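A.B. asks: My structure is stored as input-v3.txt, with compact mmCIF, C-alpha atoms.
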```txt
# COMPACT_ATOMS: atom_id res chain seq x y z
CA MET P 1 100.94 178.59 111.57
CA ASN P 2 102.33 181.61 113.31
CA LYS P 3 98.92 182.59 114.64
CA GLY P 4 100.21 184.20 117.83
CA TRP P 5 102.13 186.83 115.89
CA VAL P 6 100.29 190.11 115.61
CA LEU P 7 101.07 192.68 112.95
CA SER P 8 101.93 195.94 114.77
CA GLN P 9 101.51 199.38 113.22
CA GLU P 10 105.29 199.73 113.23
CA SER P 11 105.79 196.47 111.34
CA PHE P 12 103.04 197.34 108.90
CA ASP P 13 104.60 200.75 108.22
CA ALA P 14 107.95 199.03 107.59
CA LEU P 15 106.24 196.66 105.14
CA LEU P 16 104.65 199.59 103.27
CA ASP P 17 108.02 201.39 103.16
CA TRP P 18 109.53 198.30 101.59
CA LEU P 19 106.77 198.02 98.98
CA ALA P 20 107.06 201.62 97.71
CA PRO P 21 108.44 204.99 98.84
CA GLU P 22 105.07 206.73 98.36
CA ARG P 23 102.44 205.69 100.93
CA ASP P 24 99.51 205.67 98.46
CA GLU P 25 101.43 203.55 95.99
CA ALA P 26 102.56 201.21 98.78
CA GLY P 27 98.97 200.85 100.03
CA ARG P 28 97.78 200.03 96.52
CA LYS P 29 100.54 197.44 96.10
CA TYR P 30 99.72 195.87 99.47
CA GLU P 31 96.03 195.55 98.57
CA GLU P 32 96.90 194.15 95.16
CA ILE P 33 99.28 191.53 96.55
CA ARG P 34 96.84 190.52 99.31
CA GLY P 35 93.95 190.22 96.83
CA ARG P 36 95.97 188.07 94.49
CA LEU P 37 97.27 185.82 97.26
CA ILE P 38 93.66 185.26 98.34
CA LYS P 39 92.75 184.34 94.78
CA ILE P 40 95.71 181.95 94.51
CA PHE P 41 94.79 180.18 97.78
CA THR P 42 91.19 179.99 96.56
CA CYS P 43 92.30 178.50 93.25
CA ARG P 44 94.38 175.96 95.17
CA GLY P 45 91.22 174.77 96.88
CA CYS P 46 91.85 176.25 100.35
CA HIS P 47 88.85 176.83 102.59
CA GLU P 48 90.38 179.82 104.40
CA PRO P 49 92.08 181.86 101.68
CA GLU P 50 92.00 185.19 103.59
CA GLU P 51 93.65 183.68 106.68
CA LEU P 52 96.36 182.05 104.57
CA ALA P 53 97.04 185.28 102.68
CA ASP P 54 97.35 187.18 105.97
CA GLU P 55 99.63 184.46 107.38
CA THR P 56 101.84 184.88 104.29
CA ILE P 57 101.99 188.65 104.75
CA ASN P 58 102.72 188.28 108.48
CA ARG P 59 105.64 185.95 107.79
CA VAL P 60 107.14 188.33 105.22
CA THR P 61 106.71 191.26 107.61
CA ASP P 62 108.26 189.28 110.46
CA ARG P 63 111.41 188.64 108.42
CA LEU P 64 111.51 192.04 106.75
CA PRO P 65 114.87 193.32 108.13
CA GLU P 66 116.58 190.17 106.84
CA ILE P 67 114.70 190.29 103.49
CA GLN P 68 115.63 193.93 102.94
CA ARG P 69 119.30 193.06 103.39
CA GLN P 70 119.35 189.95 101.21
CA TYR P 71 116.55 190.11 98.63
CA LYS P 72 116.64 192.51 95.66
CA GLY P 73 114.01 191.04 93.33
CA ASP P 74 110.30 191.50 92.71
CA HIS P 75 108.30 191.88 95.94
CA ALA P 76 105.33 189.89 94.67
CA LYS P 77 107.58 186.93 93.84
CA TYR P 78 108.92 186.86 97.38
CA PHE P 79 105.37 186.78 98.73
CA TYR P 80 104.58 183.97 96.30
CA GLY P 81 107.52 181.89 97.54
CA VAL P 82 106.31 182.26 101.13
CA ALA P 83 102.72 181.55 100.06
CA LYS P 84 103.76 178.20 98.58
CA LYS P 85 105.31 177.18 101.93
CA VAL P 86 102.19 178.30 103.80
CA HIS P 87 100.12 176.24 101.38
CA LEU P 88 102.28 173.14 101.87
CA GLU P 89 101.85 173.38 105.65
CA TYR P 90 98.12 173.87 105.17
CA ARG P 91 97.92 170.71 103.03
CA ARG P 92 99.75 168.70 105.68
CA ARG P 93 97.41 170.00 108.34
CA LYS P 94 94.11 169.72 106.48
CA GLN P 95 92.90 166.90 104.30
CA PRO P 96 90.98 168.01 101.21
CA GLN P 97 87.31 168.16 102.12
CA ALA P 98 84.51 166.98 99.91
CA ASN P 99 82.31 169.89 99.04
CA ALA P 100 78.63 169.91 98.32
CA LEU P 101 76.77 172.23 96.00
CA PRO P 102 75.20 175.16 97.86
CA SER P 103 71.90 174.10 99.43
CA GLY P 104 68.73 174.78 97.50
CA ASP P 105 67.01 176.53 100.42
CA SER P 106 63.95 178.08 98.70
CA ASN P 107 63.82 181.05 101.10
CA GLU P 108 67.46 181.89 100.39
CA ILE P 109 66.94 181.55 96.64
CA GLU P 110 63.93 183.86 96.84
CA ILE P 111 65.91 186.48 98.80
CA GLN P 112 68.77 186.20 96.30
CA PHE P 113 66.34 186.74 93.42
CA THR P 114 64.58 189.70 95.05
CA CYS P 115 67.94 191.29 95.84
CA LEU P 116 69.04 190.83 92.24
CA GLU P 117 65.91 192.62 91.02
CA GLN P 118 66.57 195.50 93.44
CA CYS P 119 70.22 195.75 92.48
CA LEU P 120 69.41 195.70 88.76
CA ASP P 121 67.14 198.64 89.50
CA HIS P 122 70.13 200.55 90.91
CA LEU P 123 72.04 200.22 87.64
CA SER P 124 71.85 202.91 84.97
CA ALA P 125 69.62 202.04 82.04
CA GLU P 126 72.72 201.73 79.84
CA ASN P 127 74.49 199.23 82.11
CA ARG P 128 71.33 197.32 82.94
CA ASN P 129 70.55 196.76 79.27
CA LEU P 130 74.13 195.83 78.52
CA VAL P 131 74.50 193.24 81.28
CA LEU P 132 71.10 191.64 80.64
CA GLN P 133 71.55 191.48 76.88
CA TYR P 134 75.09 190.14 77.18
CA TYR P 135 74.25 187.31 79.56
CA GLN P 136 71.02 186.54 77.74
CA LEU P 137 73.12 185.96 74.63
CA GLU P 138 75.81 184.17 76.65
CA ARG P 139 73.14 181.83 77.97
CA LYS P 140 71.84 181.14 74.50
CA ALA P 141 75.36 181.02 73.01
CA LYS P 142 74.37 183.40 70.21
CA ILE P 143 77.83 184.39 69.10
CA ASP P 144 76.70 186.37 66.05
CA GLN P 145 74.30 188.41 68.12
CA ARG P 146 76.96 189.11 70.76
CA LYS P 147 79.15 190.37 67.93
CA ALA P 148 76.25 192.53 66.73
CA LEU P 149 75.79 193.88 70.26
CA ALA P 150 79.50 194.77 70.44
CA LYS P 151 79.34 196.38 67.02
CA SER P 152 76.27 198.42 67.96
CA MET P 153 78.29 199.79 70.88
CA GLY P 154 81.35 200.42 68.74
CA ILE P 155 83.60 198.12 70.79
CA ARG P 156 85.34 194.79 70.29
CA LEU P 157 83.79 191.55 71.52
CA ASN P 158 86.40 191.13 74.27
CA ALA P 159 85.88 194.72 75.45
CA LEU P 160 82.16 193.94 75.69
CA ARG P 161 82.95 190.79 77.67
CA ILE P 162 85.11 192.78 80.13
CA ARG P 163 82.54 195.55 80.45
CA ALA P 164 79.72 193.06 81.11
CA HIS P 165 81.86 191.30 83.71
CA ARG P 166 82.64 194.55 85.57
CA ILE P 167 78.93 195.37 85.77
CA ARG P 168 78.32 191.80 86.95
CA LEU P 169 80.89 192.31 89.76
CA THR P 170 79.07 195.49 90.86
CA LEU P 171 75.80 193.56 90.82
CA GLN P 172 77.28 190.62 92.76
CA GLU P 173 78.60 192.94 95.46
CA CYS P 174 75.24 194.72 95.72
CA VAL P 175 73.37 191.38 95.93
CA ARG P 176 75.80 190.05 98.57
CA LYS P 177 75.22 193.11 100.79
CA CYS P 178 71.44 192.92 100.25
CA VAL P 179 71.31 189.17 101.08
CA ASP P 180 73.41 189.70 104.23
CA GLN P 181 70.91 192.32 105.38
CA ASN P 182 67.91 190.12 104.68
CA LEU P 183 68.99 186.68 105.90
CA MET D 1 95.06 180.94 77.53
CA LYS D 2 91.32 180.68 78.27
CA LYS D 3 91.54 176.88 78.18
CA LYS D 4 94.58 176.91 80.48
CA ILE D 5 92.80 179.16 82.98
CA LYS D 6 89.74 176.92 82.90
CA THR D 7 91.92 173.89 83.66
CA TYR D 8 93.63 175.86 86.45
CA LEU D 9 90.28 176.82 88.00
CA LEU D 10 89.17 173.19 87.92
CA GLY D 11 92.39 172.10 89.64
CA GLY D 12 93.75 170.27 86.60
CA LEU D 13 97.13 171.96 85.97
CA ASP D 14 100.37 170.18 86.91
CA ASP D 15 102.60 171.88 89.52
CA ALA D 16 105.04 173.46 87.08
CA ARG D 17 102.36 175.02 84.88
CA GLN D 18 100.39 176.09 87.94
CA ASN D 19 103.45 177.85 89.41
CA ARG D 20 104.17 179.67 86.16
CA LEU D 21 100.57 180.86 85.87
CA GLU D 22 100.40 181.98 89.50
CA GLU D 23 103.68 183.91 89.26
CA ARG D 24 102.25 185.80 86.30
CA LEU D 25 98.96 186.26 88.12
CA LEU D 26 100.69 188.28 90.84
CA ASN D 27 101.98 190.94 88.45
CA ASP D 28 99.72 190.80 85.41
CA ARG D 29 96.55 192.82 85.89
CA GLU D 30 94.95 191.64 82.65
CA LEU D 31 95.56 187.99 83.48
CA PHE D 32 94.07 188.51 86.93
CA GLU D 33 90.92 190.01 85.40
CA GLU D 34 90.79 187.15 82.91
CA VAL D 35 90.78 184.68 85.83
CA LEU D 36 87.92 186.58 87.49
CA ILE D 37 85.92 186.58 84.25
CA SER D 38 86.62 182.90 83.70
CA GLU D 39 85.33 182.06 87.18
CA ASP D 40 81.95 183.62 86.34
CA GLU D 41 81.88 182.01 82.90
CA LEU D 42 82.59 178.63 84.47
CA VAL D 43 79.61 179.07 86.80
CA ASP D 44 77.41 179.98 83.82
CA GLN D 45 78.68 177.02 81.80
CA TYR D 46 77.96 174.63 84.69
CA LEU D 47 74.45 176.02 85.12
CA ALA D 48 73.82 175.78 81.37
CA GLY D 49 75.01 172.14 81.37
CA LYS D 50 77.87 172.98 79.01
CA LEU D 51 80.65 171.31 81.01
CA THR D 52 81.70 167.74 80.29
CA ASP D 53 80.95 165.13 82.98
CA THR D 54 84.57 165.26 84.20
CA GLU D 55 84.59 169.06 84.28
CA ALA D 56 81.26 169.13 86.12
CA LYS D 57 82.64 166.75 88.77
CA GLN D 58 85.78 168.88 89.16
CA PHE D 59 83.59 171.95 89.39
CA GLU D 60 81.54 170.46 92.23
CA ALA D 61 84.44 168.90 94.12
CA TYR D 62 87.14 171.51 93.61
CA PHE D 63 85.88 174.82 92.26
CA LEU D 64 83.06 175.35 94.74
CA VAL D 65 85.33 174.98 97.75
CA THR D 66 85.22 178.51 99.18
CA SER D 67 82.30 180.60 100.36
CA GLU D 68 83.17 183.30 97.79
CA ARG D 69 82.74 180.79 94.96
CA GLN D 70 79.52 179.49 96.48
CA GLN D 71 78.24 183.08 96.45
CA LYS D 72 79.18 183.35 92.79
CA PHE D 73 77.26 180.14 92.17
CA ARG D 74 74.12 181.39 93.93
CA PHE D 75 74.36 184.70 92.08
CA GLY D 76 74.68 182.80 88.78
CA GLN D 77 71.54 180.80 89.65
CA ALA D 78 69.58 183.99 90.41
CA LEU D 79 70.78 185.71 87.22
CA ASN D 80 69.92 182.63 85.17
CA LYS D 81 66.43 182.54 86.64
CA TYR D 82 65.97 186.26 86.00
CA LEU D 83 67.02 185.87 82.37
CA GLN D 84 64.67 182.91 81.92
CA LEU D 85 61.75 184.92 83.27
CA ASN D 86 62.62 188.09 81.34
CA ASP D 87 63.33 187.13 77.77
CA LEU D 88 64.75 190.38 76.40
CA PRO D 89 64.82 191.51 72.79
CA VAL D 90 68.31 191.15 71.36
CA VAL D 91 70.26 193.22 68.90
CA ALA D 92 69.68 192.01 65.38
CA ALA D 93 72.75 190.77 63.56
CA GLU D 94 73.82 193.03 60.69
CA ALA D 95 72.64 192.04 57.24
CA PRO D 96 75.49 190.43 55.30
CA VAL D 97 74.89 192.37 52.06
CA ARG D 98 75.59 196.11 52.02
CA THR D 99 73.39 198.38 49.96
CA ARG D 100 74.73 201.57 48.41
CA TRP D 101 72.28 204.28 47.47
CA PHE D 102 73.11 206.83 44.79
CA LEU D 103 71.53 210.16 43.92
CA PRO D 104 70.50 210.07 40.27
CA GLY D 105 73.18 211.73 38.21
CA ALA D 106 75.48 212.35 41.19
CA PHE D 107 78.84 210.77 42.05
CA TRP D 108 78.45 210.84 45.84
CA PRO D 109 76.44 208.05 47.43
CA VAL D 110 73.44 209.33 49.44
CA ARG D 111 74.81 207.73 52.59
CA GLN D 112 78.02 209.78 52.34
CA VAL D 113 76.08 213.00 51.78
CA VAL D 114 73.89 212.25 54.80
CA THR D 115 76.94 211.33 56.90
CA ALA D 116 78.76 214.53 55.92
CA ALA D 117 75.71 216.63 56.80
CA PHE D 118 75.33 214.79 60.10
CA VAL D 119 79.00 215.35 61.00
CA LEU D 120 78.65 219.04 60.18
CA VAL D 121 75.57 219.40 62.40
CA VAL D 122 77.22 217.50 65.29
CA ALA D 123 80.41 219.59 65.00
CA THR D 124 78.36 222.80 65.12
CA LEU D 125 76.41 221.57 68.15
CA ILE D 126 79.62 220.58 69.96
CA THR D 127 81.14 224.01 69.24
CA VAL D 128 78.04 225.76 70.62
CA ALA D 129 77.99 223.42 73.66
CA VAL D 130 81.69 224.00 74.39
CA TYR D 131 81.15 227.77 74.17
CA TRP D 132 78.02 227.54 76.35
CA LEU D 133 79.67 225.43 79.06
CA GLY D 134 83.15 226.87 79.01
CA VAL D 135 82.87 230.54 78.02
CA ARG D 136 79.43 231.80 79.03
CA PRO D 137 79.79 233.95 82.16
CA GLY D 138 78.36 232.46 85.37
CA THR D 139 78.57 228.81 84.33
CA ALA D 140 80.96 226.10 85.40
CA PRO D 141 84.48 227.58 85.34
CA ALA D 142 83.63 230.86 87.06
CA GLY D 143 80.90 229.71 89.45
CA THR D 144 80.50 226.88 91.91
CA ALA D 145 77.20 225.37 90.71
CA TYR D 146 76.81 223.21 87.63
CA VAL D 147 73.45 222.79 85.94
CA VAL D 148 72.40 219.50 84.38
CA SER D 149 69.03 219.19 82.65
CA LEU D 150 67.63 215.67 82.60
CA VAL D 151 64.74 214.20 80.68
CA PRO D 152 62.87 211.10 81.84
CA GLY D 153 64.24 207.78 80.70
CA ALA D 154 65.07 205.19 79.94
CA ILE D 155 63.91 202.17 81.94
CA ARG D 156 60.40 203.21 82.82
CA SER D 157 59.82 205.52 79.88
CA GLY D 158 60.38 202.91 77.24
CA GLY D 159 63.73 204.14 75.93
CA SER D 160 66.77 201.96 75.52
CA GLY D 161 69.50 204.07 76.97
CA SER D 162 68.72 207.07 74.78
CA GLY D 163 69.18 210.44 76.43
CA PHE D 164 71.78 209.06 78.82
CA GLN D 165 74.27 211.81 79.69
CA ARG D 166 77.76 211.16 80.96
CA ILE D 167 78.99 214.32 82.61
CA THR D 168 82.52 215.47 83.43
CA LEU D 169 82.30 217.93 86.30
CA PRO D 170 84.68 220.90 86.13
CA GLY D 171 87.20 220.95 88.99
CA ARG D 172 85.85 224.09 90.70
CA VAL D 173 82.23 222.96 90.93
CA THR D 174 80.97 222.47 94.49
CA THR D 175 77.28 221.80 93.85
CA VAL D 176 75.34 220.28 90.99
CA GLU D 177 71.83 221.42 90.13
CA LEU D 178 69.81 218.59 88.58
CA ARG D 179 66.81 219.90 86.64
CA LEU D 180 64.29 217.11 86.14
CA ALA D 181 61.91 217.89 83.30
CA VAL D 182 58.30 217.10 84.29
CA ALA D 183 54.98 217.20 82.52
CA ASP D 184 52.80 216.28 85.48
CA VAL D 185 52.68 219.35 87.74
CA ASN D 186 49.52 218.58 89.74
CA TYR D 187 51.21 217.66 92.99
CA LYS D 188 51.53 219.55 96.24
CA SER D 189 55.22 218.76 96.46
CA TYR D 190 57.77 216.28 95.16
CA THR D 191 60.41 213.94 96.59
CA ALA D 192 63.40 212.50 94.77
CA GLN D 193 65.84 209.68 95.45
CA LEU D 194 69.33 209.85 94.00
CA ILE D 195 70.53 206.25 93.64
CA SER D 196 74.08 205.39 92.68
CA GLU D 197 74.88 202.20 90.85
CA THR D 198 76.85 201.04 93.87
CA GLY D 199 73.68 201.29 95.97
CA ASN D 200 74.02 204.62 97.84
CA VAL D 201 70.70 206.43 98.18
CA THR D 202 70.19 210.13 99.00
CA GLU D 203 66.69 211.47 99.53
CA PHE D 204 65.39 214.98 98.76
CA ARG D 205 62.03 216.20 100.15
CA ASN D 206 59.64 219.15 99.82
CA LEU D 207 60.68 219.91 96.26
CA GLN D 208 58.64 222.30 94.11
CA ILE D 209 58.11 222.93 90.41
CA VAL D 210 60.29 225.65 88.88
CA GLU D 211 59.31 227.25 85.58
CA GLN D 212 61.95 228.69 83.31
CA ASN D 213 61.52 229.65 79.65
CA ALA D 214 58.19 227.78 79.57
CA HIS D 215 59.93 224.56 80.74
CA LYS D 216 58.74 223.03 83.99
CA SER D 217 61.18 221.12 86.12
CA VAL D 218 61.87 219.92 89.63
CA VAL D 219 65.27 221.12 90.77
CA ILE D 220 67.46 219.31 93.26
CA THR D 221 70.80 220.63 94.42
CA VAL D 222 73.40 218.00 95.16
CA GLN D 223 76.73 218.51 96.90
CA ARG D 224 79.57 217.57 94.57
CA ASP D 225 81.07 215.09 97.04
CA LEU D 226 77.89 212.99 96.72
CA LEU D 227 78.56 212.63 93.00
CA GLY D 228 81.72 210.59 92.60
CA PRO D 229 82.45 208.88 89.28
CA ASP D 230 79.56 206.43 88.94
CA ASP D 231 76.21 205.95 87.19
CA TYR D 232 73.14 207.40 88.83
CA ARG D 233 69.38 207.26 88.65
CA VAL D 234 66.95 209.78 90.11
CA LYS D 235 63.47 208.54 91.03
CA LEU D 236 60.92 211.34 91.19
CA ASN D 237 57.70 211.00 93.22
CA GLY D 238 54.76 213.37 93.54
CA ILE D 239 52.97 214.00 96.85
CA SER D 240 49.26 214.68 96.38
CA ALA D 241 47.17 217.02 98.54
CA SER D 242 45.93 213.97 100.50
CA GLY D 243 49.55 212.98 101.23
CA GLU D 244 49.62 210.05 98.83
CA THR D 245 52.97 209.34 97.14
CA LYS D 246 53.01 208.45 93.44
CA PHE D 247 55.99 207.51 91.30
CA ILE D 248 56.35 209.90 88.35
CA ASP D 249 59.48 209.00 86.43
CA SER D 250 63.16 208.17 86.62
CA TYR D 251 66.19 209.95 85.12
CA SER D 252 69.60 208.48 84.42
CA PHE D 253 73.03 210.03 84.09
CA GLY D 254 76.68 209.23 84.70
CA ILE D 255 79.57 211.16 86.23
CA SER D 256 83.08 210.74 84.85
CA GLY D 257 86.34 211.79 86.52
CA SER D 258 87.00 215.52 87.22
CA GLN D 259 88.02 217.98 84.52
CA LYS D 260 90.84 220.39 85.33
CA PHE D 261 90.85 224.00 84.14
CA PHE D 262 93.99 225.77 83.13
```
Take the structure from the file and write it as C-alpha cells.
C.D. replies:
Amino acid sequence: MNKGWVLSQESFDALLDWLAPERDEAGRKYEEIRGRLIKIFTCRGCHEPEELADETINRVTDRLPEIQRQYKGDHAKYFYGVAKKVHLEYRRRKQPQANALPSGDSNEIEIQFTCLEQCLDHLSAENRNLVLQYYQLERKAKIDQRKALAKSMGIRLNALRIRAHRIRLTLQECVRKCVDQNL
Amino acid sequence: MKKKIKTYLLGGLDDARQNRLEERLLNDRELFEEVLISEDELVDQYLAGKLTDTEAKQFEAYFLVTSERQQKFRFGQALNKYLQLNDLPVVAAEAPVRTRWFLPGAFWPVRQVVTAAFVLVVATLITVAVYWLGVRPGTAPAGTAYVVSLVPGAIRSGGSGSGFQRITLPGRVTTVELRLAVADVNYKSYTAQLISETGNVTEFRNLQIVEQNAHKSVVITVQRDLLGPDDYRVKLNGISASGETKFIDSYSFGISGSQKFF
C-alpha cells in the first residue's frame, strides 16, 4: 500500500474540483463515495475498511492530473476500479481470518442495555413507539400486525420498514457514543 | 433483490454478480439504504434463530468480520433483550368485514356524514390557525419570537403519541418560546431539560410559573439555532422549598425544516 503518501490540502482541493464545480456538492459526493467504498470493503470481509477506502481515494488523487486528461466517465466507477485493485492487494497480503462472535462479557452487555434504555428515552414518543412496535412485530414475525401498524400510520409497509430502520440507526449511534463513554 | 443482497452480505455471490451489485451500490442511494437495512435484518434473523445452518455459519465467519458489524450485533442483542422484557401492546389488525351504517330513511351512510362534518371542522380550524400564525400582528412573520404551547405527553402521561406537534419555524424567527402547561404549581422554582433525539441536552434553571388567560405554564426561551430539524423532549422538574428536585412531566415536539416567507 502507498501508506507513505499523504493527502495535501492542495491535492484534496483538486480532487473536490474534479468531483463537482460547487464545493458543497463536491464535499457531499466525496463523503458519499468514501462511505460506499467503506461499505464495499466491509461487505468483502476486510478488517480495515476505512483504511482501504482512504488508500483508494489517495491513489485516485495521486493520479488525478492523468485521470482528468484521459477519463471522461462516472467518477464513482473510477474509484470502484481502483478499489478492486486495492482489495486484490489486500487479499494477497492478508489471509482471511476466522472471526468469533462478540464476547458475552456481562458488564459490557449490561452497559449496552442501560445505554439503550437511556437512548430510547431521548427519542420522541412517536418514534419510540414506532421503533419498539415495529421490532417487536419483526421479532414475532407478525406480518398482518405490521401491515396494520403501517395502515394506522397511513404509510406503506416498506415506508414503515425504512422509517423504523432510520430510527434504529439514530439509536445505534446514540448507544455507541454512550457505551464508549462508559467502558 | 432482498435475497440477492442477503447472499451478498453473507459472502455468497460470485464475482460477476458481486461486481454488478457493487457498481450499482456506488450510485444508487435506495440500494445503499436497502443494504444497510438488510444488515440489521440479518442480525435480527440470526438472533431469532431464523437463518439456516449454512447461513448462520456464513454469518459468524464472514458477516461479523468488522468492528462496525460487531457493534450492530451487540446492539441487536440489547434491543432483543429490551423487547423481551417489555412486551408492548401491538396494533390490532383491521377486521376483515366492513360495516356500513345508514341513517333510517336517508341515502347517505352515517360514516360519510360524520366524515364530511369532521373535514369541515378541520378545514375551519386550519383556516383559523393559518390566520392566527400568519396574519395576526406581532406573531411569527413580523416578530422574532415564536410561541409554542405544549401539553404533557406522551411517554410518562400515558398517551401514545397524541398531542405531538411537528413545527415548521418561519425563516425570520430567532427565538422560540416553549410554554409548558402545568397543573402542579407548588414549587419554588422549576428546571427544564431540552433533549434532542440525537442526544444533545440543554438545561434551563430558575424558571417560574407564568399565568395567562387562566392558564398556568412554565416558559422557556430557546435560541433558534438550538432547534435544528429533529425531535425533542422537554423534561420539567420542580424545586421544592427544601431544595428537593422532583420530576413533573415531559413534553414532546418536532421541528421540521425552515419555512420561507415571500
A.B. asks: Choose the residue, out of P:Asp13, P:Asp74, P:Glu22, P:Glu55, that has the smallest atom-to-atom separation from chain D; count all atoms listed in the file.
C.D. replies: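 Of P:Asp13, P:Asp74, P:Glu22, P:Glu55, the one nearest chain D is P:Asp74, counting all atoms listed in the file.
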A.B. asks: Please compute the atom CA of D:Ala56-atom CA of D:Leu10 distance, one decimal, in Å.
C.D. replies: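 Spanning atom CA of D:Ala56 to atom CA of D:Leu10 is a straight-line distance of 9.1 Å.
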A.B. asks: Taking into account only C-alpha atoms, which residue in the set D:Thr66, D:Asn237, D:Gln165, D:Ser149 is nearest to chain P?
C.D. replies: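 Distance minimum relative to chain P lands on D:Thr66.
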A.B. asks: Would you give me, as a PDB file with C-alpha atoms, in the coordinates of the input, the residues of chain P that come within 7 Å of chain D, using all atoms listed in the file?
C.D. replies:
```pdb
ATOM      1  CA  ILE P  33      99.280 191.530  96.550  1.00  0.00           C
ATOM      2  CA  ARG P  36      95.970 188.070  94.490  1.00  0.00           C
ATOM      3  CA  ILE P  40      95.710 181.950  94.510  1.00  0.00           C
ATOM      4  CA  THR P  42      91.190 179.990  96.560  1.00  0.00           C
ATOM      5  CA  CYS P  43      92.300 178.500  93.250  1.00  0.00           C
ATOM      6  CA  GLY P  45      91.220 174.770  96.880  1.00  0.00           C
ATOM      7  CA  HIS P  47      88.850 176.830 102.590  1.00  0.00           C
ATOM      8  CA  ALA P  76     105.330 189.890  94.670  1.00  0.00           C
ATOM      9  CA  LYS P  77     107.580 186.930  93.840  1.00  0.00           C
ATOM     10  CA  ALA P  98      84.510 166.980  99.910  1.00  0.00           C
ATOM     11  CA  ASN P  99      82.310 169.890  99.040  1.00  0.00           C
ATOM     12  CA  ALA P 100      78.630 169.910  98.320  1.00  0.00           C
ATOM     13  CA  LEU P 101      76.770 172.230  96.000  1.00  0.00           C
ATOM     14  CA  PRO P 102      75.200 175.160  97.860  1.00  0.00           C
ATOM     15  CA  GLN P 112      68.770 186.200  96.300  1.00  0.00           C
ATOM     16  CA  PHE P 113      66.340 186.740  93.420  1.00  0.00           C
ATOM     17  CA  HIS P 122      70.130 200.550  90.910  1.00  0.00           C
ATOM     18  CA  LEU P 123      72.040 200.220  87.640  1.00  0.00           C
ATOM     19  CA  SER P 124      71.850 202.910  84.970  1.00  0.00           C
ATOM     20  CA  ALA P 125      69.620 202.040  82.040  1.00  0.00           C
ATOM     21  CA  GLU P 126      72.720 201.730  79.840  1.00  0.00           C
ATOM     22  CA  GLN P 133      71.550 191.480  76.880  1.00  0.00           C
ATOM     23  CA  GLN P 136      71.020 186.540  77.740  1.00  0.00           C
ATOM     24  CA  ARG P 139      73.140 181.830  77.970  1.00  0.00           C
ATOM     25  CA  ASP P 144      76.700 186.370  66.050  1.00  0.00           C
ATOM     26  CA  GLN P 145      74.300 188.410  68.120  1.00  0.00           C
ATOM     27  CA  ALA P 148      76.250 192.530  66.730  1.00  0.00           C
ATOM     28  CA  LEU P 149      75.790 193.880  70.260  1.00  0.00           C
ATOM     29  CA  HIS P 165      81.860 191.300  83.710  1.00  0.00           C
ATOM     30  CA  THR P 170      79.070 195.490  90.860  1.00  0.00           C
ATOM     31  CA  GLN P 172      77.280 190.620  92.760  1.00  0.00           C
ATOM     32  CA  CYS P 174      75.240 194.720  95.720  1.00  0.00           C
TER      33      CYS P 174
END
```
A.B. asks: What does the distance from atom CA of P:Leu64 to atom CA of P:Ser11 come to in Å, to one decimal?
C.D. replies: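 Answer for the atom CA of P:Leu64 to atom CA of P:Ser11 separation: 8.6 Å.
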A.B. asks: Using atom CA of D:Ser256 and atom CA of D:Tyr146 as the two end points, give the distance in Å to one decimal.
C.D. replies: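 Distance reported for this atom pair: 14.2 Å.
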A.B. asks: Set the distance at 8 Å and use only C-alpha atoms: which residues neighbour P:Leu37 once local chain neighbours fewer than 2 positions away are removed? I'd like the list as a PDB file with C-alpha atoms, keeping the file's coordinate frame.
C.D. replies:
```pdb
ATOM      1  CA  ILE P  33      99.280 191.530  96.550  1.00  0.00           C
ATOM      2  CA  ARG P  34      96.840 190.520  99.310  1.00  0.00           C
ATOM      3  CA  GLY P  35      93.950 190.220  96.830  1.00  0.00           C
ATOM      4  CA  LYS P  39      92.750 184.340  94.780  1.00  0.00           C
ATOM      5  CA  ILE P  40      95.710 181.950  94.510  1.00  0.00           C
ATOM      6  CA  PHE P  41      94.790 180.180  97.780  1.00  0.00           C
ATOM      7  CA  PRO P  49      92.080 181.860 101.680  1.00  0.00           C
ATOM      8  CA  ALA P  53      97.040 185.280 102.680  1.00  0.00           C
ATOM      9  CA  TYR P  80     104.580 183.970  96.300  1.00  0.00           C
ATOM     10  CA  ALA P  83     102.720 181.550 100.060  1.00  0.00           C
TER      11      ALA P  83
ATOM     12  CA  LEU D  26     100.690 188.280  90.840  1.00  0.00           C
TER      13      LEU D  26
END
```
A.B. asks: Nearest to P:Arg91 among P:Glu110, P:Asp17, P:Glu31, P:Glu48, with distances taken over all atoms listed in the file: which residue is it?
C.D. replies: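 Among the listed residues, P:Glu48 lies closest to P:Arg91.
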